[in-house]
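Q: This one is final_10.cif, mmCIF, C-alpha atoms.
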data_target
loop_
_atom_site.label_atom_id
_atom_site.label_comp_id
_atom_site.auth_asym_id
_atom_site.auth_seq_id
_atom_site.Cartn_x
_atom_site.Cartn_y
_atom_site.Cartn_z
CA MET A 1 29.42 18.64 -24.32
CA ARG A 2 30.81 18.78 -27.84
CA MET A 3 32.45 15.39 -27.33
CA ILE A 4 29.12 13.85 -26.29
CA ILE A 5 27.40 15.26 -29.37
CA ASP A 6 30.17 13.92 -31.62
CA LEU A 7 29.91 10.51 -29.96
CA PHE A 8 26.15 10.56 -30.42
CA LEU A 9 26.41 11.37 -34.12
CA LYS A 10 29.01 8.65 -34.65
CA GLY A 11 26.56 6.08 -33.31
CA GLY A 12 24.49 6.30 -36.47
CA PRO A 13 20.78 6.91 -37.14
CA ILE A 14 19.67 4.37 -34.49
CA MET A 15 20.84 6.84 -31.86
CA TRP A 16 17.75 8.98 -32.44
CA PRO A 17 15.26 6.28 -31.36
CA LEU A 18 17.57 5.60 -28.40
CA LEU A 19 17.44 9.28 -27.51
CA LEU A 20 13.64 9.18 -27.67
CA THR A 21 13.44 6.14 -25.38
CA SER A 22 15.78 7.82 -22.89
CA VAL A 23 13.63 10.97 -22.83
CA VAL A 24 10.46 8.92 -22.34
CA ALA A 25 12.05 6.88 -19.54
CA LEU A 26 13.32 10.01 -17.80
CA ALA A 27 9.94 11.74 -18.02
CA VAL A 28 8.05 8.70 -16.67
CA ALA A 29 10.57 8.11 -13.88
CA LEU A 30 10.45 11.74 -12.71
CA GLU A 31 6.65 11.85 -12.81
CA ARG A 32 6.34 8.59 -10.88
CA LEU A 33 8.89 9.65 -8.26
CA TRP A 34 6.99 12.89 -7.77
CA PHE A 35 3.78 10.86 -7.42
CA ILE A 36 5.37 8.66 -4.73
CA CYS A 37 6.58 11.72 -2.83
CA GLN A 38 3.09 13.22 -2.95
CA GLU A 39 1.46 10.01 -1.74
CA ARG A 40 3.93 9.74 1.13
CA ARG A 41 3.15 13.32 2.13
CA ARG A 42 -0.59 12.59 2.11
CA ARG A 43 -0.30 9.46 4.24
CA THR A 44 -2.23 9.68 7.51
CA PRO A 45 -2.03 6.27 9.24
CA GLU A 46 -3.77 7.72 12.30
CA VAL A 47 -6.90 8.40 10.22
CA VAL A 48 -6.89 4.79 8.99
CA ALA A 49 -6.64 3.62 12.60
CA GLU A 50 -9.53 5.91 13.59
CA ILE A 51 -11.71 4.60 10.75
CA LEU A 52 -11.14 1.03 11.89
CA SER A 53 -11.83 2.04 15.49
CA GLU A 54 -15.16 3.62 14.50
CA VAL A 55 -16.12 0.49 12.57
CA GLU A 56 -15.22 -1.61 15.60
CA ARG A 57 -17.57 0.61 17.66
CA ASP A 58 -20.26 -0.01 15.04
CA ASP A 59 -20.30 3.67 14.05
CA ILE A 60 -20.10 3.38 10.28
CA GLU A 61 -21.27 6.94 9.62
CA SER A 62 -18.41 8.43 11.65
CA ALA A 63 -15.97 6.16 9.83
CA LEU A 64 -17.30 7.40 6.48
CA VAL A 65 -16.94 11.04 7.55
CA LEU A 66 -13.32 10.43 8.53
CA GLY A 67 -12.54 8.64 5.29
CA GLU A 68 -14.22 11.15 2.99
CA GLY A 69 -12.10 13.94 4.43
CA SER A 70 -8.81 12.10 4.00
CA SER A 71 -6.39 12.08 1.05
CA ASP A 72 -4.69 8.88 2.26
CA PHE A 73 -5.02 6.13 -0.35
CA VAL A 74 -5.66 3.46 2.29
CA ALA A 75 -8.38 5.59 3.89
CA ARG A 76 -9.98 6.14 0.46
CA THR A 77 -9.98 2.39 -0.13
CA LEU A 78 -11.71 1.71 3.19
CA THR A 79 -14.23 4.49 2.57
CA ALA A 80 -15.17 3.16 -0.87
CA ALA A 81 -15.58 -0.33 0.58
CA LEU A 82 -17.79 0.96 3.41
CA GLN A 83 -19.97 2.93 1.02
CA ASN A 84 -20.79 -0.29 -0.87
CA ARG A 85 -20.81 -2.67 2.10
CA ASN A 86 -24.52 -3.50 1.76
CA THR A 87 -24.20 -4.79 -1.81
CA SER A 88 -21.01 -6.86 -1.85
CA LEU A 89 -18.24 -6.01 0.57
CA SER A 90 -15.63 -8.28 -1.02
CA GLN A 91 -16.28 -6.88 -4.50
CA ALA A 92 -16.24 -3.32 -3.14
CA VAL A 93 -12.87 -4.00 -1.50
CA LEU A 94 -11.44 -5.45 -4.70
CA ARG A 95 -12.70 -2.55 -6.83
CA SER A 96 -11.49 0.18 -4.49
CA ALA A 97 -8.11 -1.52 -3.93
CA GLY A 98 -7.66 -2.08 -7.66
CA ARG A 99 -8.44 1.56 -8.38
CA GLU A 100 -5.78 2.78 -5.94
CA LEU A 101 -3.15 0.26 -7.01
CA LYS A 102 -3.69 1.20 -10.64
CA ARG A 103 -2.51 4.71 -9.76
CA PHE A 104 0.72 3.24 -8.36
CA SER A 105 1.34 0.98 -11.37
CA HIS A 106 0.76 3.72 -13.93
CA GLY A 107 3.83 4.13 -16.15
CA LEU A 108 5.58 0.95 -15.02
CA SER A 109 4.78 -0.79 -18.30
CA ILE A 110 6.49 2.06 -20.19
CA LEU A 111 9.66 1.71 -18.12
CA ASP A 112 9.54 -2.06 -18.58
CA THR A 113 9.30 -1.58 -22.35
CA VAL A 114 12.23 0.84 -22.37
CA ILE A 115 14.39 -1.57 -20.34
CA THR A 116 13.72 -4.28 -22.94
CA LEU A 117 13.76 -2.10 -26.04
CA ALA A 118 16.86 0.03 -25.47
CA PRO A 119 19.45 -2.82 -25.57
CA LEU A 120 17.75 -4.29 -28.63
CA LEU A 121 17.90 -0.94 -30.42
CA GLY A 122 21.55 -0.65 -29.42
CA LEU A 123 22.26 -4.10 -30.80
CA LEU A 124 20.46 -3.23 -34.02
CA GLY A 125 22.58 -0.10 -34.34
CA THR A 126 25.75 -2.14 -33.83
CA ILE A 127 24.75 -4.71 -36.43
CA THR A 128 23.87 -2.11 -39.07
CA GLY A 129 27.10 -0.24 -38.26
CA MET A 130 29.18 -3.40 -38.68
CA ILE A 131 27.44 -4.22 -41.94
CA HIS A 132 28.40 -0.76 -43.17
CA SER A 133 31.98 -1.17 -41.92
CA PHE A 134 32.50 -4.55 -43.59
CA GLY A 135 30.94 -3.14 -46.74
CA LEU A 136 33.90 -0.79 -46.90
CA LEU A 137 36.21 -3.77 -47.48
CA GLY A 138 35.30 -3.72 -51.12
CA ASN A 139 36.11 -0.02 -51.41
CA GLN A 140 39.24 0.28 -49.23
CA GLU A 141 42.75 -1.00 -49.72
CA LEU A 142 43.82 -3.87 -47.47
CA GLY A 143 46.61 -1.65 -46.17
CA ALA A 144 44.10 0.66 -44.46
CA PRO A 145 42.50 -1.48 -41.72
CA ALA A 146 42.04 1.57 -39.46
CA VAL A 147 39.00 2.55 -41.47
CA ILE A 148 37.35 -0.80 -40.79
CA THR A 149 38.25 -1.03 -37.11
CA GLY A 150 37.21 2.58 -36.61
CA GLY A 151 33.83 1.82 -38.15
CA ILE A 152 33.34 -1.18 -35.87
CA ALA A 153 34.24 0.91 -32.82
CA GLU A 154 31.66 3.51 -33.82
CA ALA A 155 29.07 0.76 -34.33
CA LEU A 156 29.50 -0.36 -30.71
CA ILE A 157 28.50 3.09 -29.47
CA ALA A 158 24.82 2.27 -30.05
CA THR A 159 25.03 -0.86 -27.89
CA ALA A 160 26.77 1.08 -25.12
CA PHE A 161 24.07 3.75 -25.16
CA GLY A 162 21.28 1.16 -25.23
CA LEU A 163 22.71 -0.71 -22.25
CA GLY A 164 23.24 2.55 -20.38
CA ILE A 165 19.61 3.56 -20.89
CA ALA A 166 18.34 0.14 -19.77
CA ILE A 167 20.52 0.07 -16.65
CA THR A 168 19.53 3.61 -15.70
CA ALA A 169 15.80 2.91 -16.22
CA LEU A 170 16.03 -0.31 -14.20
CA LEU A 171 16.80 1.54 -10.96
CA PRO A 172 13.58 3.63 -10.78
CA PHE A 173 11.62 0.68 -12.18
CA ASN A 174 12.63 -1.57 -9.29
CA TYR A 175 12.08 1.21 -6.76
CA LEU A 176 8.58 1.93 -8.09
CA ASN A 177 7.72 -1.78 -8.10
CA ALA A 178 8.78 -1.95 -4.45
CA ARG A 179 6.52 1.00 -3.60
CA LEU A 180 3.66 -0.69 -5.48
CA GLU A 181 4.06 -3.86 -3.44
CA GLU A 182 4.30 -1.81 -0.25
CA ALA A 183 1.03 -0.06 -1.09
CA ARG A 184 -0.57 -3.42 -1.92
CA HIS A 185 0.41 -4.85 1.47
CA GLU A 186 -0.87 -1.77 3.32
CA ILE A 187 -4.21 -1.91 1.53
CA GLU A 188 -4.56 -5.67 2.02
CA ASP A 189 -3.79 -5.34 5.73
CA ALA A 190 -6.34 -2.54 6.25
CA THR A 191 -9.10 -4.12 4.17
CA THR A 192 -8.63 -7.49 5.88
CA GLN A 193 -9.08 -5.78 9.25
CA LEU A 194 -12.15 -3.98 7.90
CA GLU A 195 -13.76 -7.22 6.70
CA LEU A 196 -13.11 -8.91 10.04
CA LEU A 197 -14.56 -5.97 11.98
CA LEU A 198 -17.68 -5.78 9.80
CA THR A 199 -18.20 -9.54 10.10
CA LYS A 200 -17.90 -9.23 13.88
CA CYS A 201 -20.34 -6.30 13.93
CA HIS A 202 -22.87 -8.25 11.86
CA ALA A 203 -22.53 -11.20 14.21
CA ASP A 204 -22.98 -9.00 17.29
CA CYS A 205 -26.00 -7.29 15.80
CA ALA A 206 -27.53 -10.63 14.92
CA LEU A 207 -27.10 -11.80 18.50
CA ARG A 208 -28.68 -8.58 19.81
CA GLY A 209 -31.39 -8.67 17.19
CA GLY A 210 -30.18 -5.26 15.99
CA VAL A 211 -29.37 -3.83 12.61
CA LEU A 212 -25.96 -2.61 11.47
CA LYS A 213 -26.08 1.10 10.79
#
Spit out the file's structure as structure tokens when you get a sec.
A:
Amino acid sequence: MRMIIDLFLKGGPIMWPLLLTSVVALAVALERLWFICQERRRRTPEVVAEILSEVERDDIESALVLGEGSSDFVARTLTAALQNRNTSLSQAVLRSAGRELKRFSHGLSILDTVITLAPLLGLLGTITGMIHSFGLLGNQELGAPAVITGGIAEALIATAFGLGIAITALLPFNYLNARLEEARHEIEDATTQLELLLTKCHADCALRGGVLK
């Protein structure tokens, strides 16, 4: 532990912003991973299937009751779309899907910023450290090159830390992006089925001279 602290201090003042970015990235990654675990636990694909079955049977009210009692994000999307089906179904689908997907994308921009910013901060720390090291040439005897090379080695610590933070943050970032795309596909699949079923119900009701409930 003491060695890590010494290494950190040798990296220069730029190590403090790097430490801040690492803490932010860790906090966001842990919160997002917990969110994904919670959403997986709340998934109830059977409820989504039942909602679509009720819509296919032209029983919209039963479908709404099923959806309103579910914590599944796909079921919530279908419920919100059904509640606004008489105004503009396509707009209702887009709004409800966008609202759910926004929950999945929350925090990704922060991780993306950290992945870009950390190596740049590390490079900045290396450059300022090398400037300081070469500045010692005017104050040190030419027979003492260890001072200069030691300063350059310490300057590279910032770049190593910056790259380490970026690489570490990249792993949860890619995982969370994959879960976002997975949620997008699930919502698109369910809402497409819903639109097709409602269109079919409207067509059937028109042929029977009835009215969709």
Q: I'd like the contact shell of Leu170 (chain A) - 10 Å cut-off, only C-alpha atoms, skipping same-chain residues fewer than 5 positions apart - returned as an MDAnalysis selection string.
A: chainID A and resid 25 111:112 114:116 164:165 175:176
Q: Of the residues A:Gln83, A:Lys10, A:Gly67, A:Arg2, which is the one nearest to Ile152 (chain A), using all atoms listed in the file?
A: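 Of A:Gln83, A:Lys10, A:Gly67, A:Arg2, the one nearest Ile152 (chain A), counting all atoms listed in the file, is A:Lys10.
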Q: Since I can't run it myself right now, could you work out what the PyMOL selection byres ((chain A and resi 177-187) around 9) selects here and report it as a list in words?
A: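 The output of the PyMOL selection byres ((chain A and resi 177-187) around 9) on this file is Ile36, Phe73, Val74, Ala75, Thr77, Leu78, Ala97, Glu100, Leu101, Phe104, Ser105, Leu108, Pro172, Phe173, Asn174, Tyr175, Leu176, Glu188, Asp189, Ala190, Thr191 and Thr192 of chain A.
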Q: Could you please determine the separation between CA of Asp72 (chain A) and CA of Leu171 (chain A) in Å, to one decimal place?
A: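 Rounded to one decimal, the two atoms are 26.3 Å apart.
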Q: Could you list, as a list of chain:residue names, every residue matched by the PyMOL selection byres ((chain A and resi 18) around 8) in this structure?
A: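 Output of the PyMOL selection byres ((chain A and resi 18) around 8): A:Ile14, A:Met15, A:Trp16, A:Pro17, A:Leu19, A:Leu20, A:Thr21, A:Ser22, A:Ala118, A:Leu121, A:Gly122, A:Phe161, A:Gly162.
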Q: In Å, with one decimal, what is the gap from CA of Leu120 (chain A) to CA of Glu31 (chain A)?
A: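 Computing the Euclidean distance for CA of Leu120 (chain A) and CA of Glu31 (chain A) yields 25.2 Å.
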Q: Running the PyMOL selection byres ((chain A and resi 196-198) around 9) on this model by hand, what would come out? Give it as a list in words.
A: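 The output of the PyMOL selection byres ((chain A and resi 196-198) around 9) on this file is Leu52, Val55, Glu56, Asp58, Arg85, Thr191, Thr192, Gln193, Leu194, Glu195, Thr199, Lys200, Cys201, His202 and Ala203 of chain A.
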Q: Tell me, in Å to one decimal, how far CA of Pro119 (chain A) is from CA of Ala160 (chain A).
A: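 Atom-to-atom, CA of Pro119 (chain A) to CA of Ala160 (chain A), that is 8.3 Å.
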Q: Do you know which residues are at most 12 Å from Asp6 (chain A) counting all atoms listed in the file, after dropping those on the same chain fewer than 5 positions away, and could you put them as an mmCIF file with C-alpha atoms, in the frame of the given file?
A:
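Result went into result.cif, see below:
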data_model
loop_
_atom_site.group_PDB
_atom_site.id
_atom_site.type_symbol
_atom_site.label_atom_id
_atom_site.label_comp_id
_atom_site.auth_asym_id
_atom_site.auth_seq_id
_atom_site.Cartn_x
_atom_site.Cartn_y
_atom_site.Cartn_z
ATOM 1 C CA MET A 1 29.420 18.640 -24.320
ATOM 2 C CA GLY A 11 26.560 6.080 -33.310
ATOM 3 C CA GLY A 12 24.490 6.300 -36.470
ATOM 4 C CA MET A 15 20.840 6.840 -31.860
ATOM 5 C CA GLU A 154 31.660 3.510 -33.820
ATOM 6 C CA ILE A 157 28.500 3.090 -29.470
#
Q: Could you add whatever atoms are missing so that region 43-70 of chain A carries N, CA and C atoms, then write the result as a compact mmCIF listing (two decimals), in the coordinates of the input?
A:
# COMPACT_ATOMS: atom_id res chain seq x y z
N ARG A 43 -0.01 10.58 3.35
CA ARG A 43 -0.30 9.46 4.24
C ARG A 43 -0.68 9.93 5.63
N THR A 44 -1.78 9.39 6.15
CA THR A 44 -2.23 9.68 7.51
C THR A 44 -2.66 8.36 8.17
N PRO A 45 -1.69 7.58 8.63
CA PRO A 45 -2.03 6.27 9.24
C PRO A 45 -2.96 6.40 10.44
N GLU A 46 -2.90 7.54 11.14
CA GLU A 46 -3.77 7.72 12.30
C GLU A 46 -5.24 7.79 11.89
N VAL A 47 -5.52 8.35 10.71
CA VAL A 47 -6.90 8.40 10.22
C VAL A 47 -7.39 7.00 9.89
N VAL A 48 -6.53 6.19 9.29
CA VAL A 48 -6.89 4.79 8.99
C VAL A 48 -7.22 4.05 10.28
N ALA A 49 -6.40 4.27 11.30
CA ALA A 49 -6.64 3.62 12.60
C ALA A 49 -7.96 4.10 13.20
N GLU A 50 -8.28 5.38 13.06
CA GLU A 50 -9.53 5.91 13.59
C GLU A 50 -10.73 5.34 12.85
N ILE A 51 -10.61 5.19 11.53
CA ILE A 51 -11.71 4.60 10.75
C ILE A 51 -12.00 3.19 11.24
N LEU A 52 -10.96 2.40 11.41
CA LEU A 52 -11.14 1.03 11.89
C LEU A 52 -11.70 1.01 13.31
N SER A 53 -11.31 1.96 14.12
CA SER A 53 -11.83 2.04 15.49
C SER A 53 -13.32 2.36 15.48
N GLU A 54 -13.74 3.28 14.60
CA GLU A 54 -15.16 3.62 14.50
C GLU A 54 -15.98 2.43 14.01
N VAL A 55 -15.42 1.69 13.05
CA VAL A 55 -16.12 0.49 12.57
C VAL A 55 -16.24 -0.53 13.69
N GLU A 56 -15.18 -0.67 14.48
CA GLU A 56 -15.22 -1.61 15.60
C GLU A 56 -16.29 -1.19 16.61
N ARG A 57 -16.53 0.14 16.75
CA ARG A 57 -17.57 0.61 17.66
C ARG A 57 -18.94 0.62 17.00
N ASP A 58 -19.00 0.08 15.78
CA ASP A 58 -20.26 -0.01 15.04
C ASP A 58 -20.80 1.36 14.64
N ASP A 59 -19.90 2.33 14.48
CA ASP A 59 -20.30 3.67 14.05
C ASP A 59 -19.79 3.90 12.63
N ILE A 60 -20.52 3.33 11.69
CA ILE A 60 -20.10 3.38 10.28
C ILE A 60 -20.13 4.80 9.73
N GLU A 61 -21.13 5.58 10.14
CA GLU A 61 -21.27 6.94 9.62
C GLU A 61 -20.06 7.80 9.99
N SER A 62 -19.60 7.68 11.23
CA SER A 62 -18.41 8.43 11.65
C SER A 62 -17.17 7.98 10.87
N ALA A 63 -17.09 6.68 10.62
CA ALA A 63 -15.97 6.16 9.83
C ALA A 63 -15.98 6.73 8.42
N LEU A 64 -17.18 6.84 7.83
CA LEU A 64 -17.30 7.40 6.48
C LEU A 64 -16.89 8.88 6.46
N VAL A 65 -17.30 9.63 7.48
CA VAL A 65 -16.94 11.04 7.55
C VAL A 65 -15.42 11.20 7.62
N LEU A 66 -14.77 10.37 8.42
CA LEU A 66 -13.32 10.43 8.53
C LEU A 66 -12.65 10.11 7.20
N GLY A 67 -13.15 9.07 6.54
CA GLY A 67 -12.54 8.64 5.29
C GLY A 67 -12.74 9.61 4.15
N GLU A 68 -13.93 10.21 4.08
CA GLU A 68 -14.22 11.15 2.99
C GLU A 68 -13.40 12.42 3.09
N GLY A 69 -12.92 12.74 4.26
CA GLY A 69 -12.10 13.94 4.43
C GLY A 69 -10.61 13.68 4.35
N SER A 70 -10.22 12.46 4.02
CA SER A 70 -8.81 12.10 4.00
C SER A 70 -8.30 11.93 2.57
